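Peer 1: Just dropping this structure here.
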Amino acid sequence: MTSAHVRKAVIPVAGLGTRFLPATKAVPKELLPVVDQPALQYVVEEAAAAGPDQVVLVTNASKGSVLAHFQPNPDLEAALERSGNAELLARVHAASQLAQVSTVDQDEPRGLGHAVLCAKDAVGDEPFAVLLGDDLIDARDPLLQRMLRVRAERGGSVVALMRVPQSDISKYGCANVGELIGDVVTIDGLVEKPAVDDAPSDLAVIGRYVLDPAVFDVLAATPPGRGGEIQLTDALDVLAHRGFDGAGGGLTGVVFSGRRYDTGDRLEYLKAVVQLAMEHQDLGPAFSHWLRDFVRQDSSG
Ligand code: G1P
């Protein structure tokens, strides 16, 4: 099977959303709005636009509303139809048509690697994408499509990398790389959240992956790593060291220089909302007008 046939995307959504409490006490953080749709909808749209149209949400029992967002809501749709609100009806309906969305349970929060391993049966023996919901990639910069092409050319697994200031590298997985050719680089190793002095480069892993199914056996044998959690980064480090062996080993980085919005902490989330609101078709002109005035008044006052 070639990567042109990557059909499945795994999106881990079982996190507790601790950084957004109390907003996330009863509402899953993935459903917090970014302008006028949940953060997670952007991510599902991105997956579907790149090709994979079967989305596996790795979730837990408290997150039923996450799946509901991607299912039809006949009562709401009937009410919108009665009130003649065709535009809203179309948008509500569209969310249930984006992809075939299913869930698997992650009963305990044991790390990103564990979340991906929970999707093993749902994915089966085929390459698949992983998208992390805290990273939004602008639809005008189709990173995942590029990664799928690279996987088709090179085999193995592919991760998205981004240059970050050295002082930020400890927030990310970090890649030890060979020579960069265009936007593509062979990864020799990965380390999860290294100390600044131990970081092998300024290339950080951002939340997009195209993985060979060989990763599942490696994950099953991966001991808890940083923070006591089973780290996807550690399993990918094993695949990188294995090299391109034709049996699922080998790791490539695609260095992304497009627009990325982080919704993972409060300050970055606010920036993401402002940036995306500025570009919103309906709200953008009025919002940016207001924002300019607001900033002007604030700096003169
Ligand atoms: C996870 C990964 C990390 C990666 C990051 C990207 O960390 O473990 O390697 O760089 O996502 O957002 P988290 O942000 O979940 O701590």
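Chain labels run A, B, ... following the order of the structure tokens; each chain numbers its residues from 1, and ligands are numbered from 1 in the order shown.
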Within 7 Å of ligand 1, counting only C-alpha atoms and all ligand atoms: which residues, as a VMD selection string?
Peer 2: chain A and resid 112 132 134 to 135 171 to 174 192 to 193 204 to 207 231 to 233
Peer 1: Write a file of the selected residues as a CSV table (one decimal), in the first residue's frame, keeping all heavy atoms.
Peer 2:
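And here's selection_8.csv as it stands now:
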chain,number,residue,atom,x,y,z
A,112,LEU,N,1.3,10.4,25.1
A,112,LEU,CA,1.0,10.4,23.6
A,112,LEU,C,1.3,9.1,23.0
A,112,LEU,O,0.5,8.6,22.1
A,112,LEU,CB,1.8,11.5,23.0
A,112,LEU,CG,1.6,11.7,21.5
A,112,LEU,CD1,0.2,11.9,21.1
A,112,LEU,CD2,2.5,12.8,21.0
A,132,LEU,N,-2.1,16.3,16.3
A,132,LEU,CA,-2.3,16.8,17.6
A,132,LEU,C,-3.2,18.0,17.6
A,132,LEU,O,-2.9,19.0,16.9
A,132,LEU,CB,-1.0,17.1,18.4
A,132,LEU,CG,0.0,15.9,18.4
A,132,LEU,CD1,1.2,16.2,19.3
A,132,LEU,CD2,-0.6,14.6,18.8
A,134,ASP,N,-3.6,20.5,19.6
A,134,ASP,CA,-3.1,21.8,20.1
A,134,ASP,C,-2.5,22.6,19.0
A,134,ASP,O,-2.3,23.8,19.2
A,134,ASP,CB,-2.1,21.6,21.3
A,134,ASP,CG,-2.8,21.2,22.5
A,134,ASP,OD1,-4.1,21.3,22.6
A,134,ASP,OD2,-2.1,20.8,23.5
A,135,ASP,N,-2.1,21.9,18.0
A,135,ASP,CA,-1.4,22.6,16.8
A,135,ASP,C,-2.4,22.8,15.7
A,135,ASP,O,-2.9,21.8,15.2
A,135,ASP,CB,-0.2,21.8,16.3
A,135,ASP,CG,1.0,21.8,17.2
A,135,ASP,OD1,1.3,22.9,17.7
A,135,ASP,OD2,1.5,20.7,17.4
A,171,LYS,N,10.3,22.6,25.2
A,171,LYS,CA,8.9,22.3,25.2
A,171,LYS,C,8.5,21.2,24.2
A,171,LYS,O,7.3,20.9,24.1
A,171,LYS,CB,8.1,23.6,24.8
A,171,LYS,CG,8.3,24.8,25.7
A,171,LYS,CD,7.3,25.9,25.1
A,171,LYS,CE,7.7,27.2,25.6
A,171,LYS,NZ,7.2,28.3,24.7
A,172,TYR,N,9.5,20.8,23.4
A,172,TYR,CA,9.2,20.0,22.2
A,172,TYR,C,10.1,18.7,22.2
A,172,TYR,O,11.1,18.7,22.8
A,172,TYR,CB,9.4,20.8,21.0
A,172,TYR,CG,8.6,22.0,20.8
A,172,TYR,CD1,9.1,23.2,21.2
A,172,TYR,CD2,7.4,21.9,20.2
A,172,TYR,CE1,8.4,24.4,21.0
A,172,TYR,CE2,6.6,23.1,20.0
A,172,TYR,CZ,7.1,24.3,20.4
A,172,TYR,OH,6.4,25.4,20.2
A,173,GLY,N,9.7,17.8,21.3
A,173,GLY,CA,10.6,16.8,20.8
A,173,GLY,C,11.6,17.5,19.9
A,173,GLY,O,11.2,18.4,19.2
A,174,CYS,N,12.8,17.0,19.9
A,174,CYS,CA,13.9,17.7,19.2
A,174,CYS,C,14.6,16.7,18.3
A,174,CYS,O,14.9,15.6,18.7
A,174,CYS,CB,14.8,18.4,20.2
A,174,CYS,SG,16.2,19.2,19.4
A,192,GLU,N,12.9,13.7,23.5
A,192,GLU,CA,11.8,14.4,24.0
A,192,GLU,C,12.2,15.5,25.0
A,192,GLU,O,12.8,15.2,26.0
A,192,GLU,CB,10.8,13.4,24.6
A,192,GLU,CG,9.5,14.0,25.2
A,192,GLU,CD,8.5,14.6,24.2
A,192,GLU,OE1,8.8,14.5,23.0
A,192,GLU,OE2,7.5,15.1,24.6
A,193,LYS,N,11.8,16.7,24.7
A,193,LYS,CA,11.9,17.8,25.6
A,193,LYS,C,13.3,17.9,26.3
A,193,LYS,O,13.4,17.8,27.5
A,193,LYS,CB,10.8,17.8,26.7
A,193,LYS,CG,9.4,17.9,26.0
A,193,LYS,CD,8.3,18.3,26.9
A,193,LYS,CE,7.0,18.4,26.2
A,193,LYS,NZ,6.1,17.3,26.2
A,204,ALA,N,12.2,21.5,16.2
A,204,ALA,CA,11.2,21.0,17.1
A,204,ALA,C,10.2,20.2,16.3
A,204,ALA,O,9.8,20.5,15.2
A,204,ALA,CB,10.5,22.1,17.9
A,205,VAL,N,9.8,19.1,17.0
A,205,VAL,CA,8.7,18.3,16.4
A,205,VAL,C,7.4,19.0,16.7
A,205,VAL,O,7.1,19.4,17.8
A,205,VAL,CB,8.6,16.9,17.1
A,205,VAL,CG1,7.4,16.1,16.6
A,205,VAL,CG2,9.9,16.1,16.8
A,206,ILE,N,6.6,19.3,15.6
A,206,ILE,CA,5.2,19.9,15.8
A,206,ILE,C,4.2,18.8,15.5
A,206,ILE,O,4.6,17.7,15.0
A,206,ILE,CB,5.0,21.1,15.0
A,206,ILE,CG1,5.2,20.9,13.5
A,206,ILE,CG2,5.9,22.3,15.5
A,206,ILE,CD1,4.8,22.1,12.6
A,207,GLY,N,3.0,19.0,15.9
A,207,GLY,CA,2.1,17.9,16.0
A,207,GLY,C,1.5,17.3,14.8
A,207,GLY,O,0.3,17.1,14.7
A,231,GLN,N,6.2,7.8,25.5
A,231,GLN,CA,6.4,8.9,24.6
A,231,GLN,C,6.5,8.4,23.1
A,231,GLN,O,7.3,7.5,22.8
A,231,GLN,CB,7.7,9.7,24.9
A,231,GLN,CG,7.8,10.3,26.3
A,231,GLN,CD,6.8,11.5,26.4
A,231,GLN,OE1,6.2,12.0,25.4
A,231,GLN,NE2,6.6,12.0,27.6
A,232,LEU,N,5.7,9.1,22.3
A,232,LEU,CA,5.8,8.8,20.8
A,232,LEU,C,7.2,9.1,20.3
A,232,LEU,O,7.7,8.3,19.5
A,232,LEU,CB,4.7,9.6,20.1
A,232,LEU,CG,4.6,9.4,18.6
A,232,LEU,CD1,4.4,7.9,18.2
A,232,LEU,CD2,3.6,10.3,18.0
A,233,THR,N,7.7,10.2,20.8
A,233,THR,CA,9.1,10.5,20.4
A,233,THR,C,10.1,9.4,20.6
A,233,THR,O,11.0,9.2,19.8
A,233,THR,CB,9.5,11.8,21.3
A,233,THR,OG1,8.6,12.8,21.1
A,233,THR,CG2,10.9,12.3,20.9
Peer 1: Skipping near chain neighbours, those fewer than 3 positions away, what residues fall within 8 Å of range 142-152 of chain A using only C-alpha atoms, listed as a PyMOL selection string?
Peer 2: chain A and resi 2-4+6+46-47+50-51+137-139+155-160+208-210+254+256
Peer 1: As an exercise, work out the distance from CA of Gly227 in chain A to CA of Asp107 in chain A in Å and give it to one decimal place.
Peer 2: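 A separation of 18.1 Å between them.
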Peer 1: If you count only C-alpha atoms, which residues fall within 12 Å of Leu251 in chain A, apart from same-chain ones fewer than 4 positions away, as an NGL selection string?
Peer 2: :A and (147 or 150-151 or 154-161 or 175-178 or 184-190 or 209-212 or 214-215 or 233 or 235-246)
Peer 1: Write out as number ranges by chain each polymer residue whose atoms come within 8 Å of range 17-25 of chain A, counting only C-alpha atoms; drop sequence neighbours fewer than 3 positions from it.
Peer 2: A: 28-29, 264-266
Peer 1: Any chance you could export the current selection's C-alpha atoms as a PDB file, in the first residue's frame?
Peer 2:
ATOM      1  CA  PRO A  28     -13.519  19.182  26.612  1.00  0.00           C
ATOM      2  CA  LYS A  29     -10.685  21.508  25.678  1.00  0.00           C
ATOM      3  CA  GLY A 264      -2.235  24.518  23.900  1.00  0.00           C
ATOM      4  CA  ASP A 265      -1.805  27.248  26.489  1.00  0.00           C
ATOM      5  CA  ARG A 266      -3.848  30.292  27.379  1.00  0.00           C
TER       6      ARG A 266
END
Peer 1: Going by DSSP on the backbone, which bits of range 15-197 of chain A are alpha helix (DSSP H)? Write them as an mmCIF file with N, CA and C atoms, in the first residue's frame, please.
Peer 2:
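Writing the result to part_36.cif gives the following:
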data_model
loop_
_atom_site.group_PDB
_atom_site.id
_atom_site.type_symbol
_atom_site.label_atom_id
_atom_site.label_comp_id
_atom_site.auth_asym_id
_atom_site.auth_seq_id
_atom_site.Cartn_x
_atom_site.Cartn_y
_atom_site.Cartn_z
ATOM 1 N N ALA A 39 -11.745 24.069 18.146
ATOM 2 C CA ALA A 39 -10.371 23.850 17.692
ATOM 3 C C ALA A 39 -10.265 22.524 16.925
ATOM 4 N N LEU A 40 -10.916 21.508 17.464
ATOM 5 C CA LEU A 40 -10.776 20.181 16.850
ATOM 6 C C LEU A 40 -11.352 20.120 15.438
ATOM 7 N N GLN A 41 -12.344 20.932 15.151
ATOM 8 C CA GLN A 41 -12.915 20.888 13.806
ATOM 9 C C GLN A 41 -11.893 21.331 12.753
ATOM 10 N N TYR A 42 -11.074 22.323 13.108
ATOM 11 C CA TYR A 42 -10.023 22.738 12.164
ATOM 12 C C TYR A 42 -9.114 21.549 11.836
ATOM 13 N N VAL A 43 -8.816 20.770 12.876
ATOM 14 C CA VAL A 43 -7.865 19.662 12.707
ATOM 15 C C VAL A 43 -8.485 18.542 11.862
ATOM 16 N N VAL A 44 -9.756 18.250 12.113
ATOM 17 C CA VAL A 44 -10.435 17.225 11.310
ATOM 18 C C VAL A 44 -10.561 17.702 9.859
ATOM 19 N N GLU A 45 -10.830 18.996 9.676
ATOM 20 C CA GLU A 45 -10.897 19.547 8.310
ATOM 21 C C GLU A 45 -9.547 19.400 7.604
ATOM 22 N N GLU A 46 -8.492 19.659 8.365
ATOM 23 C CA GLU A 46 -7.150 19.555 7.772
ATOM 24 C C GLU A 46 -6.865 18.111 7.321
ATOM 25 N N ALA A 47 -7.200 17.157 8.185
ATOM 26 C CA ALA A 47 -6.965 15.752 7.837
ATOM 27 C C ALA A 47 -7.727 15.399 6.567
ATOM 28 N N ALA A 48 -9.007 15.742 6.547
ATOM 29 C CA ALA A 48 -9.841 15.362 5.410
ATOM 30 C C ALA A 48 -9.371 16.046 4.125
ATOM 31 N N ALA A 49 -8.901 17.291 4.243
ATOM 32 C CA ALA A 49 -8.443 18.005 3.046
ATOM 33 C C ALA A 49 -7.180 17.367 2.473
ATOM 34 N N ALA A 50 -6.379 16.739 3.345
ATOM 35 C CA ALA A 50 -5.130 16.126 2.872
ATOM 36 C C ALA A 50 -5.360 14.736 2.299
ATOM 37 N N GLY A 64 -17.848 12.370 25.558
ATOM 38 C CA GLY A 64 -18.849 12.008 24.563
ATOM 39 C C GLY A 64 -19.204 13.156 23.633
ATOM 40 N N SER A 65 -19.157 14.385 24.151
ATOM 41 C CA SER A 65 -19.568 15.526 23.329
ATOM 42 C C SER A 65 -18.601 15.756 22.165
ATOM 43 N N VAL A 66 -17.374 15.237 22.274
ATOM 44 C CA VAL A 66 -16.415 15.414 21.173
ATOM 45 C C VAL A 66 -16.914 14.667 19.938
ATOM 46 N N LEU A 67 -17.327 13.422 20.136
ATOM 47 C CA LEU A 67 -17.842 12.650 18.995
ATOM 48 C C LEU A 67 -19.146 13.274 18.487
ATOM 49 N N ALA A 68 -19.989 13.728 19.430
ATOM 50 C CA ALA A 68 -21.284 14.294 19.034
ATOM 51 C C ALA A 68 -21.114 15.459 18.062
ATOM 52 N N HIS A 69 -20.018 16.209 18.226
ATOM 53 C CA HIS A 69 -19.821 17.357 17.334
ATOM 54 C C HIS A 69 -19.711 16.929 15.869
ATOM 55 N N PRO A 74 -30.132 15.835 14.311
ATOM 56 C CA PRO A 74 -31.377 16.016 13.546
ATOM 57 C C PRO A 74 -32.289 17.091 14.140
ATOM 58 N N ASP A 75 -32.391 17.170 15.490
ATOM 59 C CA ASP A 75 -33.294 18.166 16.085
ATOM 60 C C ASP A 75 -32.833 19.580 15.764
ATOM 61 N N LEU A 76 -31.535 19.805 15.946
ATOM 62 C CA LEU A 76 -30.984 21.142 15.673
ATOM 63 C C LEU A 76 -31.134 21.481 14.188
ATOM 64 N N GLU A 77 -30.842 20.491 13.348
ATOM 65 C CA GLU A 77 -30.931 20.764 11.907
ATOM 66 C C GLU A 77 -32.369 21.060 11.493
ATOM 67 N N ALA A 78 -33.330 20.341 12.098
ATOM 68 C CA ALA A 78 -34.743 20.596 11.770
ATOM 69 C C ALA A 78 -35.137 22.009 12.220
ATOM 70 N N ALA A 79 -34.658 22.400 13.419
ATOM 71 C CA ALA A 79 -34.995 23.734 13.933
ATOM 72 C C ALA A 79 -34.418 24.821 13.024
ATOM 73 N N LEU A 80 -33.202 24.621 12.568
ATOM 74 C CA LEU A 80 -32.578 25.623 11.688
ATOM 75 C C LEU A 80 -33.309 25.680 10.351
ATOM 76 N N GLU A 81 -33.737 24.515 9.920
ATOM 77 C CA GLU A 81 -34.470 24.467 8.659
ATOM 78 C C GLU A 81 -35.791 25.244 8.790
ATOM 79 N N ARG A 82 -36.482 25.004 9.907
ATOM 80 C CA ARG A 82 -37.768 25.699 10.137
ATOM 81 C C ARG A 82 -37.581 27.210 10.193
ATOM 82 N N ALA A 86 -30.436 28.998 6.413
ATOM 83 C CA ALA A 86 -29.771 28.035 5.539
ATOM 84 C C ALA A 86 -28.259 28.008 5.736
ATOM 85 N N GLU A 87 -27.683 29.173 6.004
ATOM 86 C CA GLU A 87 -26.231 29.213 6.107
ATOM 87 C C GLU A 87 -25.741 28.453 7.342
ATOM 88 N N LEU A 88 -26.410 28.732 8.472
ATOM 89 C CA LEU A 88 -26.024 28.010 9.693
ATOM 90 C C LEU A 88 -26.313 26.519 9.561
ATOM 91 N N LEU A 89 -27.424 26.214 8.950
ATOM 92 C CA LEU A 89 -27.776 24.805 8.744
ATOM 93 C C LEU A 89 -26.665 24.109 7.957
ATOM 94 N N ALA A 90 -26.199 24.766 6.922
ATOM 95 C CA ALA A 90 -25.146 24.162 6.097
ATOM 96 C C ALA A 90 -23.880 23.940 6.919
ATOM 97 N N ARG A 91 -23.557 24.906 7.771
ATOM 98 C CA ARG A 91 -22.328 24.767 8.565
ATOM 99 C C ARG A 91 -22.453 23.663 9.610
ATOM 100 N N VAL A 92 -23.626 23.617 10.249
ATOM 101 C CA VAL A 92 -23.847 22.574 11.255
ATOM 102 C C VAL A 92 -23.794 21.202 10.593
ATOM 103 N N HIS A 93 -24.428 21.091 9.458
ATOM 104 C CA HIS A 93 -24.478 19.809 8.757
ATOM 105 C C HIS A 93 -23.077 19.401 8.278
ATOM 106 N N ALA A 94 -22.326 20.388 7.814
ATOM 107 C CA ALA A 94 -21.003 20.094 7.246
ATOM 108 C C ALA A 94 -20.083 19.417 8.267
ATOM 109 N N ALA A 95 -20.218 19.802 9.541
ATOM 110 C CA ALA A 95 -19.334 19.217 10.561
ATOM 111 C C ALA A 95 -19.527 17.702 10.681
ATOM 112 N N LEU A 112 1.347 10.359 25.070
ATOM 113 C CA LEU A 112 0.993 10.400 23.648
ATOM 114 C C LEU A 112 1.273 9.060 22.957
ATOM 115 N N GLY A 113 2.401 8.440 23.313
ATOM 116 C CA GLY A 113 2.723 7.139 22.701
ATOM 117 C C GLY A 113 1.647 6.119 23.031
ATOM 118 N N HIS A 114 1.195 6.134 24.262
ATOM 119 C CA HIS A 114 0.142 5.207 24.686
ATOM 120 C C HIS A 114 -1.162 5.503 23.951
ATOM 121 N N ALA A 115 -1.467 6.793 23.763
ATOM 122 C CA ALA A 115 -2.693 7.168 23.035
ATOM 123 C C ALA A 115 -2.655 6.597 21.613
ATOM 124 N N VAL A 116 -1.508 6.730 20.956
ATOM 125 C CA VAL A 116 -1.399 6.219 19.582
ATOM 126 C C VAL A 116 -1.517 4.692 19.584
ATOM 127 N N LEU A 117 -0.913 4.058 20.583
ATOM 128 C CA LEU A 117 -0.995 2.592 20.666
ATOM 129 C C LEU A 117 -2.445 2.132 20.847
ATOM 130 N N CYS A 118 -3.244 2.931 21.556
ATOM 131 C CA CYS A 118 -4.661 2.582 21.746
ATOM 132 C C CYS A 118 -5.406 2.486 20.405
ATOM 133 N N LYS A 120 -4.278 1.128 17.713
ATOM 134 C CA LYS A 120 -3.675 0.070 16.879
ATOM 135 C C LYS A 120 -4.731 -0.748 16.111
ATOM 136 N N ASP A 121 -5.739 -1.251 16.821
ATOM 137 C CA ASP A 121 -6.719 -2.111 16.142
ATOM 138 C C ASP A 121 -7.541 -1.321 15.129
ATOM 139 N N ALA A 122 -7.815 -0.067 15.465
ATOM 140 C CA ALA A 122 -8.619 0.759 14.553
ATOM 141 C C ALA A 122 -7.834 1.098 13.284
ATOM 142 N N VAL A 123 -6.519 1.179 13.400
ATOM 143 C CA VAL A 123 -5.695 1.535 12.240
ATOM 144 C C VAL A 123 -5.355 0.293 11.419
ATOM 145 N N LEU A 143 0.595 21.379 5.046
ATOM 146 C CA LEU A 143 1.716 20.588 5.566
ATOM 147 C C LEU A 143 1.475 19.083 5.447
ATOM 148 N N LEU A 144 0.283 18.642 5.836
ATOM 149 C CA LEU A 144 0.055 17.197 5.862
ATOM 150 C C LEU A 144 0.129 16.592 4.458
ATOM 151 N N GLN A 145 -0.398 17.324 3.493
ATOM 152 C CA GLN A 145 -0.295 16.840 2.105
ATOM 153 C C GLN A 145 1.156 16.643 1.700
ATOM 154 N N ARG A 146 1.976 17.605 2.054
ATOM 155 C CA ARG A 146 3.411 17.529 1.741
ATOM 156 C C ARG A 146 4.044 16.302 2.424
ATOM 157 N N MET A 147 3.664 16.082 3.675
ATOM 158 C CA MET A 147 4.229 14.941 4.410
ATOM 159 C C MET A 147 3.802 13.614 3.777
ATOM 160 N N LEU A 148 2.565 13.546 3.287
ATOM 161 C CA LEU A 148 2.096 12.316 2.650
ATOM 162 C C LEU A 148 2.880 12.043 1.362
ATOM 163 N N ARG A 149 3.221 13.115 0.657
ATOM 164 C CA ARG A 149 4.034 12.935 -0.554
ATOM 165 C C ARG A 149 5.429 12.426 -0.199
ATOM 166 N N VAL A 150 5.984 12.986 0.864
ATOM 167 C CA VAL A 150 7.328 12.568 1.282
ATOM 168 C C VAL A 150 7.314 11.102 1.721
ATOM 169 N N ARG A 151 6.286 10.707 2.430
ATOM 170 C CA ARG A 151 6.165 9.302 2.833
ATOM 171 C C ARG A 151 6.065 8.402 1.574
ATOM 172 N N ALA A 152 5.320 8.857 0.551
ATOM 173 C CA ALA A 152 5.178 8.065 -0.668
ATOM 174 C C ALA A 152 6.528 7.895 -1.354
ATOM 175 N N GLU A 153 7.362 8.923 -1.289
ATOM 176 C CA GLU A 153 8.667 8.861 -1.945
ATOM 177 C C GLU A 153 9.688 8.058 -1.152
ATOM 178 N N ARG A 154 9.669 8.191 0.160
ATOM 179 C CA ARG A 154 10.778 7.666 0.969
ATOM 180 C C ARG A 154 10.420 6.480 1.848
#
Peer 1: For a quick check of understanding, using only C-alpha atoms, which of A:Pro194, A:Gly124, A:Gly133, A:Pro12 has the smallest distance to Pro38 in chain A?
Peer 2: A:Gly133
Peer 1: Please report the interatomic distance between CA of Val56 in chain A and CA of Ala14 in chain A in Å with one decimal.
Peer 2: 12.0 Å
